[in-house]
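**Student:** Quick one, final_34.txt (compact mmCIF, C-alpha atoms):
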# COMPACT_ATOMS: atom_id res chain seq x y z
CA MET A 1 -40.08 67.44 30.55
CA PRO A 2 -40.36 69.89 27.63
CA HIS A 3 -41.92 68.54 24.44
CA THR A 4 -40.07 69.49 21.28
CA ASP A 5 -40.08 68.74 17.59
CA ASP A 6 -37.51 69.39 14.89
CA SER A 7 -39.41 72.03 12.97
CA SER A 8 -41.12 74.15 15.62
CA PRO A 9 -40.29 75.55 19.05
CA THR A 10 -42.41 74.50 21.99
CA VAL A 11 -44.41 76.87 24.13
CA GLU A 12 -45.09 75.21 27.45
CA ALA A 13 -47.14 76.44 30.40
CA ARG A 14 -45.91 75.82 33.94
CA LEU A 15 -48.09 74.01 36.45
CA ARG A 16 -50.48 76.73 37.56
CA GLN A 17 -54.05 77.86 37.87
CA ILE A 18 -55.72 78.76 34.57
CA ASP A 19 -54.89 82.33 33.61
CA PRO A 20 -58.04 83.85 32.04
CA THR A 21 -55.87 86.35 30.15
CA ALA A 22 -53.68 83.67 28.53
CA ARG A 23 -53.87 83.61 24.74
CA MET A 24 -54.65 80.03 23.82
CA GLN A 25 -54.65 79.79 20.05
CA VAL A 26 -56.51 76.49 19.54
CA TYR A 27 -60.29 76.53 20.05
CA PHE A 28 -61.52 73.88 22.49
CA GLN A 29 -64.88 72.35 23.25
CA GLY A 30 -66.75 72.28 26.55
CA ILE A 31 -67.18 69.41 28.95
CA LEU A 32 -70.88 68.87 28.16
CA ASP A 33 -70.77 69.13 24.39
CA ASP A 34 -69.47 66.81 21.71
CA ALA A 35 -68.90 69.49 19.11
CA CYS A 36 -65.49 68.48 17.76
CA PHE A 37 -66.88 68.62 14.21
CA LEU A 38 -67.70 72.32 14.64
CA TYR A 39 -64.47 73.15 16.46
CA ALA A 40 -62.39 71.43 13.79
CA GLN A 41 -63.87 73.85 11.23
CA ALA A 42 -63.19 76.81 13.55
CA ASN A 43 -59.57 75.70 13.98
CA ALA A 44 -59.25 75.19 10.22
CA TYR A 45 -60.53 78.70 9.55
CA LYS A 46 -58.15 80.24 12.08
CA ALA A 47 -55.16 78.25 10.82
CA LEU A 48 -55.81 79.25 7.21
CA THR A 49 -56.70 82.91 7.68
CA GLY A 50 -55.04 83.86 10.97
CA LYS A 51 -58.35 85.41 12.05
CA ARG A 52 -60.43 84.79 15.14
CA VAL A 53 -63.81 83.10 15.01
CA THR A 54 -66.04 85.52 16.91
CA ARG A 55 -69.19 84.74 18.87
CA GLU A 56 -71.16 86.24 15.99
CA HIS A 57 -69.45 83.88 13.53
CA TRP A 58 -70.06 80.89 15.81
CA ASN A 59 -73.76 81.66 16.34
CA ARG A 60 -74.21 82.16 12.60
CA ALA A 61 -72.58 78.78 11.89
CA VAL A 62 -74.70 76.91 14.45
CA SER A 63 -77.88 78.54 13.13
CA ARG A 64 -77.19 77.08 9.68
CA LEU A 65 -77.18 73.50 10.92
CA PRO A 66 -80.53 71.78 10.32
CA GLN A 67 -80.25 69.87 13.62
CA PRO A 68 -77.72 71.66 15.88
CA ALA A 69 -78.22 69.19 18.74
CA ALA A 70 -76.88 66.38 16.57
CA PHE A 71 -73.55 68.22 16.30
CA LEU A 72 -73.38 69.48 19.89
CA GLY A 73 -73.99 66.10 21.50
CA GLY A 74 -74.97 63.65 18.82
CA PRO A 75 -73.55 60.65 16.99
CA GLY A 76 -70.83 62.48 15.12
CA ALA A 77 -69.81 63.67 11.69
CA THR A 78 -68.65 60.25 10.48
CA GLN A 79 -72.28 59.28 9.99
CA LEU A 80 -72.84 62.04 7.45
CA SER A 81 -73.18 61.18 3.80
CA TYR A 82 -70.76 62.79 1.33
CA ASP A 83 -73.32 65.39 0.25
CA GLN A 84 -74.26 66.21 3.84
CA ALA A 85 -70.64 66.57 4.91
CA VAL A 86 -69.82 68.88 2.00
CA ARG A 87 -72.91 70.98 2.62
CA HIS A 88 -72.27 71.33 6.36
CA ILE A 89 -68.52 72.00 6.14
CA GLU A 90 -68.92 74.55 3.36
CA GLY A 91 -71.80 76.21 5.22
CA ILE A 92 -69.84 76.47 8.47
CA LEU A 93 -66.74 77.88 6.79
CA ASP A 94 -68.90 80.37 4.92
CA ALA A 95 -70.48 81.45 8.21
CA PHE A 96 -67.02 82.12 9.66
CA SER A 97 -65.79 83.98 6.58
CA ASP A 98 -65.47 87.64 5.74
CA PRO A 99 -66.67 88.88 2.34
CA GLY A 100 -64.50 87.61 -0.50
CA GLU A 101 -63.03 84.64 1.42
CA THR A 102 -63.59 81.28 -0.25
CA PHE A 103 -62.52 77.72 0.50
CA ARG A 104 -62.19 74.61 -1.64
CA LEU A 105 -63.07 71.26 -0.11
CA ASP A 106 -61.56 68.03 -1.45
CA GLN A 107 -62.29 64.58 -0.05
CA LEU A 108 -59.08 62.58 0.37
CA ASN A 109 -58.67 58.97 -0.70
CA SER A 110 -60.21 56.48 1.72
CA ALA A 111 -56.95 54.49 1.75
CA ASP A 112 -54.76 57.46 2.70
CA GLY A 113 -52.73 57.21 5.90
CA ILE A 114 -51.11 59.84 8.09
CA ALA A 115 -48.23 60.27 5.63
CA ASP A 116 -50.72 61.13 2.88
CA LEU A 117 -52.50 63.61 5.14
CA CYS A 118 -49.13 65.21 5.87
CA GLY A 119 -48.66 65.69 2.14
CA ALA A 120 -51.99 67.52 1.91
CA VAL A 121 -50.96 70.23 4.40
CA SER A 122 -49.45 73.38 2.92
CA ALA A 123 -49.32 77.13 3.41
CA ASP A 124 -52.84 77.44 2.04
CA SER A 125 -54.38 74.12 3.08
CA VAL A 126 -55.13 72.03 6.17
CA VAL A 127 -56.76 68.63 6.67
CA VAL A 128 -59.91 67.92 8.68
CA PHE A 129 -60.48 64.28 9.57
CA ALA A 130 -61.90 61.87 12.12
CA TYR A 131 -59.68 59.30 13.80
CA GLY A 132 -59.50 56.87 16.69
CA GLY A 133 -56.49 55.57 18.57
CA HIS A 134 -53.32 56.83 20.23
CA ALA A 135 -52.07 60.28 19.32
CA GLU A 136 -49.31 62.02 21.27
CA PHE A 137 -51.67 63.05 24.09
CA GLN A 138 -55.14 61.75 23.23
CA ASN A 139 -56.63 58.29 22.78
CA PRO A 140 -60.15 58.90 21.46
CA GLN A 141 -62.56 56.34 20.11
CA THR A 142 -63.68 58.80 17.42
CA HIS A 143 -62.69 62.45 17.27
CA VAL A 144 -62.61 65.12 14.55
CA VAL A 145 -59.48 67.29 14.42
CA CYS A 146 -57.66 69.68 12.11
CA GLY A 147 -54.14 68.87 10.88
CA VAL A 148 -52.30 72.19 10.61
CA ALA A 149 -48.57 71.46 10.23
CA VAL A 150 -45.97 68.75 9.62
CA SER A 151 -42.59 68.19 11.25
CA ASP A 152 -39.89 66.46 9.22
CA GLY A 153 -38.69 64.42 12.16
CA PRO A 154 -37.55 61.87 12.69
CA PRO A 155 -40.19 60.89 13.43
CA VAL A 156 -42.36 62.68 10.87
CA ALA A 157 -45.57 63.84 12.52
CA LEU A 158 -48.83 65.54 11.63
CA HIS A 159 -49.55 68.31 14.15
CA LEU A 160 -53.14 68.80 15.21
CA ALA A 161 -55.39 71.55 16.46
CA CYS A 162 -57.47 69.37 18.79
CA SER A 163 -60.54 70.74 20.57
CA ALA A 164 -60.35 68.14 23.37
CA ALA A 165 -56.66 68.50 24.29
CA PHE A 166 -57.01 71.38 26.72
CA SER A 167 -59.71 69.92 28.95
CA SER A 168 -58.32 66.40 28.97
CA ARG A 169 -54.68 67.35 29.52
CA TYR A 170 -55.17 70.18 31.98
CA LEU A 171 -57.79 68.40 34.09
CA ARG A 172 -55.81 65.14 34.12
CA PHE A 173 -52.24 66.39 34.39
CA GLY A 174 -52.47 70.05 35.43
CA GLN A 175 -50.51 71.26 32.42
CA TYR A 176 -51.14 72.39 28.89
CA PHE A 177 -49.05 73.87 26.10
CA GLU A 178 -49.30 74.63 22.42
CA ARG A 179 -46.63 74.32 19.75
CA HIS A 180 -45.98 77.20 17.41
CA HIS A 181 -45.16 76.48 13.77
CA PRO A 182 -43.67 79.81 12.67
CA HIS A 183 -43.17 78.86 9.02
CA LEU A 184 -46.95 78.62 8.73
CA GLY A 185 -48.01 80.95 11.53
CA ARG A 186 -50.09 78.17 13.10
CA TRP A 187 -50.48 76.52 16.49
CA SER A 188 -51.09 72.90 17.49
CA ASN A 189 -51.65 70.98 20.72
CA ASP A 190 -51.36 67.29 19.73
CA SER A 191 -49.73 65.19 17.02
CA ILE A 192 -49.83 61.82 15.28
CA GLN A 193 -46.65 60.19 14.03
CA VAL A 194 -46.43 58.72 10.55
CA GLY A 195 -46.67 54.96 10.95
CA SER A 196 -48.98 55.21 13.93
CA ASP A 197 -51.75 52.62 14.13
CA VAL A 198 -54.54 55.19 14.44
CA VAL A 199 -57.66 54.46 12.40
CA ILE A 200 -58.82 57.29 10.14
CA ALA A 201 -62.50 57.32 9.22
CA PRO A 202 -62.58 56.40 5.52
CA ASN A 203 -65.46 58.75 4.72
CA PHE A 204 -64.35 61.78 6.76
CA ARG A 205 -60.96 63.06 5.57
CA TRP A 206 -60.87 66.40 3.83
CA ARG A 207 -58.36 68.91 2.53
CA VAL A 208 -59.55 72.49 3.06
CA THR A 209 -57.82 75.05 0.87
CA PHE A 210 -58.08 78.81 1.35
CA ALA A 211 -58.35 81.09 -1.67
CA GLU A 212 -57.06 84.55 -0.86
CA PRO A 213 -59.67 87.25 -1.53
CA PRO A 214 -58.85 89.52 -4.46
CA SER A 215 -56.93 92.66 -3.49
Represent the structure from my file as C-alpha cells, please.

**Tutor:**
Amino acid sequence: MPHTDDSSPTVEARLRQIDPTARMQVYFQGILDDACFLYAQANAYKALTGKRVTREHWNRAVSRLPQPAAFLGGPGATQLSYDQAVRHIEGILDAFSDPGETFRLDQLNSADGIADLCGAVSADSVVVFAYGGHAEFQNPQTHVVCGVAVSDGPPVALHLACSAAFSSRYLRFGQYFERHHPHLGRWSNDSIQVGSDVVIAPNFRWRVTFAEPPS
C-alpha cells in the first residue's frame, strides 16, 4: 500500500533487486557499524545545503574525532557531555562544509516533545536528536536521526532522515522508499507522529541552523 502524507508526495520503490544506479537521497549506515551519530550530521548537512557529502568530506570528519571507534561501534552520542557534543557536532559539520558555510548549534529544552521539535524545523534549520521507541518504520532502543520536515496532518508528524531505515526495511520487507518534501527540497524515510510515546534523550536534542555564505 502506498504511504502518503498531507504535505508531501510519496516516492515508492517496487519490490525489486537493489538498483546500484538509484539515487537514494538519505545517507545510511552499514551493517557492521553503529555510526548513526555521524550519519545524522551528514543528513543534516545535505538537508540544509542540498549538497552531497563526498568521501573526502567523510574521511576528513572521521579524522577529526579523537576516538573514531567509539562513534563507529561504540556506546553512542547520548553519553557525551554538553561540551563534547558541541565540539564533535561542530567539528563534523565544519569538515563537511565548503568555505564560507557556517552552522549554529542550539541545544533544545530537555522537556521538549516531538511537537516542539517540529517547531524547530524550518527552511534553514533541522533537528538532530536521539530517541527510542516506535516510529513509523523503526523501533530502536537508542538511535540518532535528523528531523528534516513536518507534515500538518492530521496527524502532525516529524519526518526523519534515518540512517538505519534502508537496511532494516529493505532486508526485512524487500521494499524501500523516500518521501520528498518539495517545499523544503528535502527527503525523508521515516517519521514520528506528534503524541507518540517515543523517548527523546534529554541531553541530545539539537537545532542545527545553516547560515548562507555571503554572496

**Student:** With distances taken over only C-alpha atoms, which of A:Glu101, A:Tyr131, A:Phe37, A:Arg205 is nearest to His88 in chain A?

**Tutor:**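 Distance minimum relative to His88 in chain A lands on A:Phe37.
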
**Student:** Could you tell me how far CA of Asn139 in chain A lies from CA of Ala115 in chain A, in Å and to one decimal?

**Tutor:**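 Atom-to-atom, CA of Asn139 in chain A to CA of Ala115 in chain A, that is 19.2 Å.
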
**Student:** Counting all atoms listed in the file, which residues come within 12 Å of (-67.1, 60.4, 0.8), with the point read in the file's coordinates, and could you list them as a list in words?

**Tutor:**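 All residues meeting the 12 Å criterion around (-67.1, 60.4, 0.8) are Ala77, Thr78, Gln79, Leu80, Ser81, Tyr82, Asp83, Gln84, Ala85, Val86, Leu105, Asp106, Gln107, Leu108, Asn109, Ser110, Ala111, Phe129, Ala201, Pro202, Asn203, Phe204, Arg205 and Trp206 of chain A.
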
**Student:** Could you pull the residues within 9 Å of Ala165 in chain A, counting all atoms listed in the file, minus those fewer than 3 positions along the same chain, as a PyMOL selection string?

**Tutor:** chain A and resi 28+137-138+161-162+168-170+176+189-190

**Student:** Could you tell me how far CA of Arg172 in chain A sits from CA of Val127 in chain A, in Å to one decimal place?

**Tutor:** 27.7 Å

**Student:** Counting all atoms listed in the file, I want the residues whose atoms come within 9 Å of (-65.7, 69.3, 31.7) in the file frame, returned as a ChimeraX atom specification.

**Tutor:** /A:30-33,167-168,171
